[in-house]
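Novice: Contents of target.pdb (PDB, N, CA, C and O atoms):
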ATOM      1  N   MET A  27     153.633 159.109  61.292
ATOM      2  CA  MET A  27     152.268 158.672  61.105
ATOM      3  C   MET A  27     151.555 159.721  60.253
ATOM      4  O   MET A  27     151.551 160.901  60.592
ATOM      5  N   SER A  28     150.952 159.269  59.198
ATOM      6  CA  SER A  28     150.265 160.209  58.323
ATOM      7  C   SER A  28     148.947 160.652  58.961
ATOM      8  O   SER A  28     148.429 160.023  59.883
ATOM      9  N   SER A  29     148.390 161.730  58.446
ATOM     10  CA  SER A  29     147.130 162.229  59.003
ATOM     11  C   SER A  29     145.989 161.251  58.749
ATOM     12  O   SER A  29     145.061 161.147  59.554
ATOM     13  N   GLU A  30     146.050 160.520  57.641
ATOM     14  CA  GLU A  30     145.026 159.515  57.362
ATOM     15  C   GLU A  30     145.095 158.372  58.377
ATOM     16  O   GLU A  30     144.064 157.907  58.871
ATOM     17  N   ASP A  31     146.303 157.927  58.709
ATOM     18  CA  ASP A  31     146.468 156.875  59.717
ATOM     19  C   ASP A  31     146.004 157.359  61.085
ATOM     20  O   ASP A  31     145.363 156.614  61.830
ATOM     21  N   ARG A  32     146.324 158.584  61.409
ATOM     22  CA  ARG A  32     145.920 159.149  62.697
ATOM     23  C   ARG A  32     144.407 159.266  62.783
ATOM     24  O   ARG A  32     143.799 158.932  63.806
ATOM     25  N   SER A  33     143.782 159.699  61.713
ATOM     26  CA  SER A  33     142.327 159.824  61.687
ATOM     27  C   SER A  33     141.665 158.456  61.831
ATOM     28  O   SER A  33     140.683 158.301  62.575
ATOM     29  N   SER A  34     142.197 157.466  61.152
ATOM     30  CA  SER A  34     141.661 156.110  61.238
ATOM     31  C   SER A  34     141.811 155.553  62.652
ATOM     32  O   SER A  34     140.897 154.914  63.180
ATOM     33  N   ALA A  35     142.936 155.803  63.274
ATOM     34  CA  ALA A  35     143.164 155.339  64.642
ATOM     35  C   ALA A  35     142.216 156.023  65.623
ATOM     36  O   ALA A  35     141.715 155.389  66.561
ATOM     37  N   MET A  36     141.941 157.296  65.419
ATOM     38  CA  MET A  36     141.027 158.015  66.306
ATOM     39  C   MET A  36     139.603 157.482  66.173
ATOM     40  O   MET A  36     138.884 157.369  67.177
ATOM     41  N   VAL A  37     139.187 157.146  64.959
ATOM     42  CA  VAL A  37     137.851 156.581  64.760
ATOM     43  C   VAL A  37     137.753 155.238  65.481
ATOM     44  O   VAL A  37     136.761 154.960  66.170
ATOM     45  N   ARG A  38     138.781 154.397  65.354
ATOM     46  CA  ARG A  38     138.773 153.105  66.035
ATOM     47  C   ARG A  38     138.766 153.279  67.552
ATOM     48  O   ARG A  38     138.078 152.533  68.262
ATOM     49  N   LEU A  39     139.488 154.253  68.056
ATOM     50  CA  LEU A  39     139.505 154.526  69.497
ATOM     51  C   LEU A  39     138.137 154.991  69.985
ATOM     52  O   LEU A  39     137.659 154.541  71.037
ATOM     53  N   LYS A  40     137.485 155.848  69.235
ATOM     54  CA  LYS A  40     136.153 156.324  69.610
ATOM     55  C   LYS A  40     135.148 155.183  69.631
ATOM     56  O   LYS A  40     134.328 155.082  70.542
ATOM     57  N   ILE A  41     135.209 154.309  68.643
ATOM     58  CA  ILE A  41     134.310 153.155  68.601
ATOM     59  C   ILE A  41     134.570 152.240  69.797
ATOM     60  O   ILE A  41     133.633 151.741  70.433
ATOM     61  N   ALA A  42     135.835 152.041  70.128
ATOM     62  CA  ALA A  42     136.181 151.186  71.261
ATOM     63  C   ALA A  42     135.654 151.759  72.571
ATOM     64  O   ALA A  42     135.157 151.017  73.426
ATOM     65  N   ILE A  43     135.727 153.080  72.745
ATOM     66  CA  ILE A  43     135.218 153.708  73.963
ATOM     67  C   ILE A  43     133.712 153.513  74.067
ATOM     68  O   ILE A  43     133.189 153.151  75.128
ATOM     69  N   VAL A  44     133.004 153.738  72.974
ATOM     70  CA  VAL A  44     131.543 153.579  72.981
ATOM     71  C   VAL A  44     131.173 152.132  73.319
ATOM     72  O   VAL A  44     130.297 151.883  74.155
ATOM     73  N   LEU A  45     131.832 151.174  72.691
ATOM     74  CA  LEU A  45     131.531 149.771  72.950
ATOM     75  C   LEU A  45     131.883 149.363  74.372
ATOM     76  O   LEU A  45     131.157 148.579  75.006
ATOM     77  N   LEU A  46     132.966 149.880  74.906
ATOM     78  CA  LEU A  46     133.369 149.564  76.272
ATOM     79  C   LEU A  46     132.356 150.068  77.285
ATOM     80  O   LEU A  46     131.965 149.345  78.203
ATOM     81  N   VAL A  47     131.892 151.288  77.116
ATOM     82  CA  VAL A  47     130.900 151.842  78.039
ATOM     83  C   VAL A  47     129.573 151.102  77.896
ATOM     84  O   VAL A  47     128.906 150.802  78.894
ATOM     85  N   GLY A  48     129.188 150.778  76.679
ATOM     86  CA  GLY A  48     127.951 150.029  76.468
ATOM     87  C   GLY A  48     128.000 148.638  77.082
ATOM     88  O   GLY A  48     127.047 148.196  77.741
ATOM     89  N   ALA A  49     129.108 147.936  76.880
ATOM     90  CA  ALA A  49     129.254 146.602  77.462
ATOM     91  C   ALA A  49     129.282 146.674  78.978
ATOM     92  O   ALA A  49     128.751 145.787  79.660
ATOM     93  N   SER A  50     129.868 147.714  79.516
ATOM     94  CA  SER A  50     129.912 147.892  80.958
ATOM     95  C   SER A  50     128.504 148.012  81.542
ATOM     96  O   SER A  50     128.199 147.400  82.568
ATOM     97  N   GLY A  51     127.652 148.774  80.889
ATOM     98  CA  GLY A  51     126.270 148.897  81.349
ATOM     99  C   GLY A  51     125.543 147.570  81.333
ATOM    100  O   GLY A  51     124.830 147.220  82.285
ATOM    101  N   GLY A  52     125.728 146.809  80.275
ATOM    102  CA  GLY A  52     125.097 145.501  80.183
ATOM    103  C   GLY A  52     125.607 144.520  81.219
ATOM    104  O   GLY A  52     124.846 143.761  81.818
ATOM    105  N   LEU A  53     126.917 144.541  81.466
ATOM    106  CA  LEU A  53     127.491 143.631  82.452
ATOM    107  C   LEU A  53     127.060 143.986  83.871
ATOM    108  O   LEU A  53     126.830 143.091  84.693
ATOM    109  N   ILE A  54     126.938 145.257  84.159
ATOM    110  CA  ILE A  54     126.464 145.661  85.477
ATOM    111  C   ILE A  54     125.026 145.211  85.680
ATOM    112  O   ILE A  54     124.651 144.720  86.752
ATOM    113  N   ALA A  55     124.203 145.347  84.652
ATOM    114  CA  ALA A  55     122.814 144.879  84.741
ATOM    115  C   ALA A  55     122.771 143.367  84.929
ATOM    116  O   ALA A  55     121.971 142.852  85.720
ATOM    117  N   PHE A  56     123.627 142.644  84.236
ATOM    118  CA  PHE A  56     123.683 141.191  84.369
ATOM    119  C   PHE A  56     124.076 140.788  85.784
ATOM    120  O   PHE A  56     123.478 139.901  86.382
ATOM    121  N   GLN A  57     125.083 141.457  86.331
ATOM    122  CA  GLN A  57     125.550 141.143  87.681
ATOM    123  C   GLN A  57     124.504 141.456  88.743
ATOM    124  O   GLN A  57     124.476 140.824  89.789
ATOM    125  N   SER A  58     123.661 142.431  88.475
ATOM    126  CA  SER A  58     122.642 142.796  89.456
ATOM    127  C   SER A  58     121.389 141.932  89.335
ATOM    128  O   SER A  58     120.455 142.099  90.106
ATOM    129  N   GLY A  59     121.366 141.024  88.356
ATOM    130  CA  GLY A  59     120.255 140.101  88.212
ATOM    131  C   GLY A  59     119.085 140.652  87.420
ATOM    132  O   GLY A  59     117.948 140.202  87.597
ATOM    133  N   ALA A  60     119.329 141.591  86.559
ATOM    134  CA  ALA A  60     118.252 142.171  85.742
ATOM    135  C   ALA A  60     117.744 141.141  84.732
ATOM    136  O   ALA A  60     118.461 140.228  84.336
ATOM    137  N   ASN A  61     116.505 141.327  84.322
ATOM    138  CA  ASN A  61     115.958 140.452  83.293
ATOM    139  C   ASN A  61     116.510 140.871  81.931
ATOM    140  O   ASN A  61     117.292 141.808  81.817
ATOM    141  N   THR A  62     116.093 140.168  80.890
ATOM    142  CA  THR A  62     116.630 140.418  79.544
ATOM    143  C   THR A  62     116.347 141.842  79.074
ATOM    144  O   THR A  62     117.229 142.496  78.509
ATOM    145  N   VAL A  63     115.136 142.313  79.329
ATOM    146  CA  VAL A  63     114.789 143.669  78.898
ATOM    147  C   VAL A  63     115.649 144.689  79.639
ATOM    148  O   VAL A  63     116.145 145.656  79.040
ATOM    149  N   GLY A  64     115.870 144.468  80.910
ATOM    150  CA  GLY A  64     116.714 145.377  81.687
ATOM    151  C   GLY A  64     118.146 145.412  81.184
ATOM    152  O   GLY A  64     118.775 146.475  81.136
ATOM    153  N   MET A  65     118.659 144.250  80.802
ATOM    154  CA  MET A  65     120.027 144.209  80.274
ATOM    155  C   MET A  65     120.116 144.919  78.927
ATOM    156  O   MET A  65     121.093 145.614  78.653
ATOM    157  N   ILE A  66     119.096 144.750  78.093
ATOM    158  CA  ILE A  66     119.093 145.432  76.789
ATOM    159  C   ILE A  66     119.016 146.940  76.980
ATOM    160  O   ILE A  66     119.757 147.698  76.339
ATOM    161  N   VAL A  67     118.142 147.380  77.889
ATOM    162  CA  VAL A  67     118.012 148.820  78.158
ATOM    163  C   VAL A  67     119.314 149.373  78.719
ATOM    164  O   VAL A  67     119.767 150.454  78.323
ATOM    165  N   ALA A  68     119.941 148.643  79.628
ATOM    166  CA  ALA A  68     121.197 149.103  80.215
ATOM    167  C   ALA A  68     122.303 149.180  79.163
ATOM    168  O   ALA A  68     123.100 150.125  79.155
ATOM    169  N   THR A  69     122.347 148.204  78.272
ATOM    170  CA  THR A  69     123.364 148.211  77.216
ATOM    171  C   THR A  69     123.143 149.374  76.252
ATOM    172  O   THR A  69     124.092 150.088  75.904
ATOM    173  N   LEU A  70     121.898 149.577  75.843
ATOM    174  CA  LEU A  70     121.609 150.694  74.938
ATOM    175  C   LEU A  70     121.874 152.039  75.604
ATOM    176  O   LEU A  70     122.403 152.963  74.972
ATOM    177  N   SER A  71     121.535 152.142  76.880
ATOM    178  CA  SER A  71     121.823 153.379  77.616
ATOM    179  C   SER A  71     123.324 153.601  77.715
ATOM    180  O   SER A  71     123.810 154.730  77.575
ATOM    181  N   GLY A  72     124.058 152.521  77.952
ATOM    182  CA  GLY A  72     125.513 152.624  78.001
ATOM    183  C   GLY A  72     126.107 153.047  76.677
ATOM    184  O   GLY A  72     127.052 153.844  76.628
ATOM    185  N   LEU A  73     125.554 152.522  75.581
ATOM    186  CA  LEU A  73     126.038 152.936  74.260
ATOM    187  C   LEU A  73     125.767 154.415  74.008
ATOM    188  O   LEU A  73     126.620 155.131  73.467
ATOM    189  N   LEU A  74     124.596 154.877  74.410
ATOM    190  CA  LEU A  74     124.267 156.293  74.261
ATOM    191  C   LEU A  74     125.198 157.156  75.108
ATOM    192  O   LEU A  74     125.729 158.167  74.632
ATOM    193  N   LEU A  75     125.404 156.749  76.352
ATOM    194  CA  LEU A  75     126.306 157.514  77.212
ATOM    195  C   LEU A  75     127.744 157.474  76.694
ATOM    196  O   LEU A  75     128.474 158.462  76.791
ATOM    197  N   GLY A  76     128.149 156.340  76.142
ATOM    198  CA  GLY A  76     129.487 156.242  75.558
ATOM    199  C   GLY A  76     129.648 157.168  74.367
ATOM    200  O   GLY A  76     130.696 157.802  74.190
ATOM    201  N   ALA A  77     128.610 157.269  73.546
ATOM    202  CA  ALA A  77     128.658 158.189  72.409
ATOM    203  C   ALA A  77     128.726 159.637  72.881
ATOM    204  O   ALA A  77     129.491 160.442  72.340
ATOM    205  N   LEU A  78     127.938 159.963  73.910
ATOM    206  CA  LEU A  78     127.990 161.329  74.451
ATOM    207  C   LEU A  78     129.356 161.625  75.079
ATOM    208  O   LEU A  78     129.890 162.728  74.920
ATOM    209  N   LEU A  79     129.916 160.663  75.788
ATOM    210  CA  LEU A  79     131.237 160.846  76.383
ATOM    211  C   LEU A  79     132.296 161.061  75.308
ATOM    212  O   LEU A  79     133.146 161.945  75.425
ATOM    213  N   THR A  80     132.223 160.265  74.250
ATOM    214  CA  THR A  80     133.188 160.408  73.162
ATOM    215  C   THR A  80     133.051 161.759  72.480
ATOM    216  O   THR A  80     134.051 162.414  72.183
ATOM    217  N   TRP A  81     131.818 162.206  72.257
ATOM    218  CA  TRP A  81     131.599 163.527  71.660
ATOM    219  C   TRP A  81     132.172 164.609  72.562
ATOM    220  O   TRP A  81     132.860 165.522  72.099
ATOM    221  N   TYR A  82     131.914 164.514  73.867
ATOM    222  CA  TYR A  82     132.389 165.531  74.798
ATOM    223  C   TYR A  82     133.920 165.549  74.856
ATOM    224  O   TYR A  82     134.526 166.627  74.822
ATOM    225  N   LEU A  83     134.530 164.394  74.919
ATOM    226  CA  LEU A  83     135.991 164.350  74.946
ATOM    227  C   LEU A  83     136.593 164.919  73.662
ATOM    228  O   LEU A  83     137.621 165.597  73.693
ATOM    229  N   SER A  84     135.957 164.637  72.528
ATOM    230  CA  SER A  84     136.440 165.190  71.262
ATOM    231  C   SER A  84     136.269 166.706  71.241
ATOM    232  O   SER A  84     137.131 167.417  70.719
ATOM    233  N   TRP A  85     135.183 167.174  71.825
ATOM    234  CA  TRP A  85     134.901 168.608  71.837
ATOM    235  C   TRP A  85     135.894 169.368  72.711
ATOM    236  O   TRP A  85     136.390 170.421  72.301
ATOM    237  N   ILE A  86     136.224 168.825  73.896
ATOM    238  CA  ILE A  86     137.139 169.562  74.773
ATOM    239  C   ILE A  86     138.587 169.454  74.322
ATOM    240  O   ILE A  86     139.423 170.258  74.729
ATOM    241  N   MET A  87     138.898 168.479  73.470
ATOM    242  CA  MET A  87     140.277 168.312  73.003
ATOM    243  C   MET A  87     140.591 169.168  71.782
ATOM    244  O   MET A  87     141.727 169.160  71.314
ATOM    245  N   ARG A  88     139.630 169.909  71.264
ATOM    246  CA  ARG A  88     139.876 170.733  70.084
ATOM    247  C   ARG A  88     140.787 171.865  70.362
ATOM    248  O   ARG A  88     141.095 172.460  71.192
TER     249      ARG A  88
END
Could you render the structure as structure tokens?
Specialist:
Amino acid sequence: MSSEDRSSAMVRLKIAIVLLVGASGGLIAFQSGANTVGMIVATLSGLLLGALLTWYLSWIMR
């Protein structure tokens, strides 16, 4: 696997982690019966937390 392929795969993995955590926040809000604004806030918060988690995991793996 070339370094370019590896770099591309890592970017896709990071995006997938962020989206998974964000969707999880939205789904939990939906299951708890939150209104539309609550689901949007939960999804955005999940995306932010997913980005922070991805940054932290990348930082400790250096």
Novice: Near A:Phe56, counting only N, CA, C and O atoms, which residues have an atom at most 7 Å away, once you skip same-chain residues fewer than 6 positions from it, shown as a PDB file with N, CA, C and O atoms, in the frame of the given file?
Specialist:
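Just written: around.pdb:
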ATOM      1  N   SER A  50     129.868 147.714  79.516  1.00  0.00           N
ATOM      2  CA  SER A  50     129.912 147.892  80.958  1.00  0.00           C
ATOM      3  C   SER A  50     128.504 148.012  81.542  1.00  0.00           C
ATOM      4  O   SER A  50     128.199 147.400  82.568  1.00  0.00           O
ATOM      5  N   GLY A  64     115.870 144.468  80.910  1.00  0.00           N
ATOM      6  CA  GLY A  64     116.714 145.377  81.687  1.00  0.00           C
ATOM      7  C   GLY A  64     118.146 145.412  81.184  1.00  0.00           C
ATOM      8  O   GLY A  64     118.775 146.475  81.136  1.00  0.00           O
ATOM      9  N   MET A  65     118.659 144.250  80.802  1.00  0.00           N
ATOM     10  CA  MET A  65     120.027 144.209  80.274  1.00  0.00           C
ATOM     11  C   MET A  65     120.116 144.919  78.927  1.00  0.00           C
ATOM     12  O   MET A  65     121.093 145.614  78.653  1.00  0.00           O
TER      13      MET A  65
END
Novice: List the residues selected by the PyMOL selection byres (((chain A and resi 49 and name CA) around 10) and name CA) in the file shown, writing them as a VMD selection string.
Specialist: chain A and resid 43 to 48 50 to 55 65 68 to 70 72 to 73 76
Novice: In Å, with one decimal, what is the gap from atom CA of A:Thr62 to atom CA of A:Leu74?
Specialist: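 Atom CA of A:Thr62 sits 18.4 Å away from atom CA of A:Leu74.
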Novice: Can you tell me how far atom O of A:Leu83 sits from atom N of A:Ile66, in Å to one decimal?
Specialist: 28.2 Å
Novice: Record the distance separating atom N of A:Met36 and atom N of A:Tyr82, expressed in Å with one decimal.
Specialist: 15.0 Å
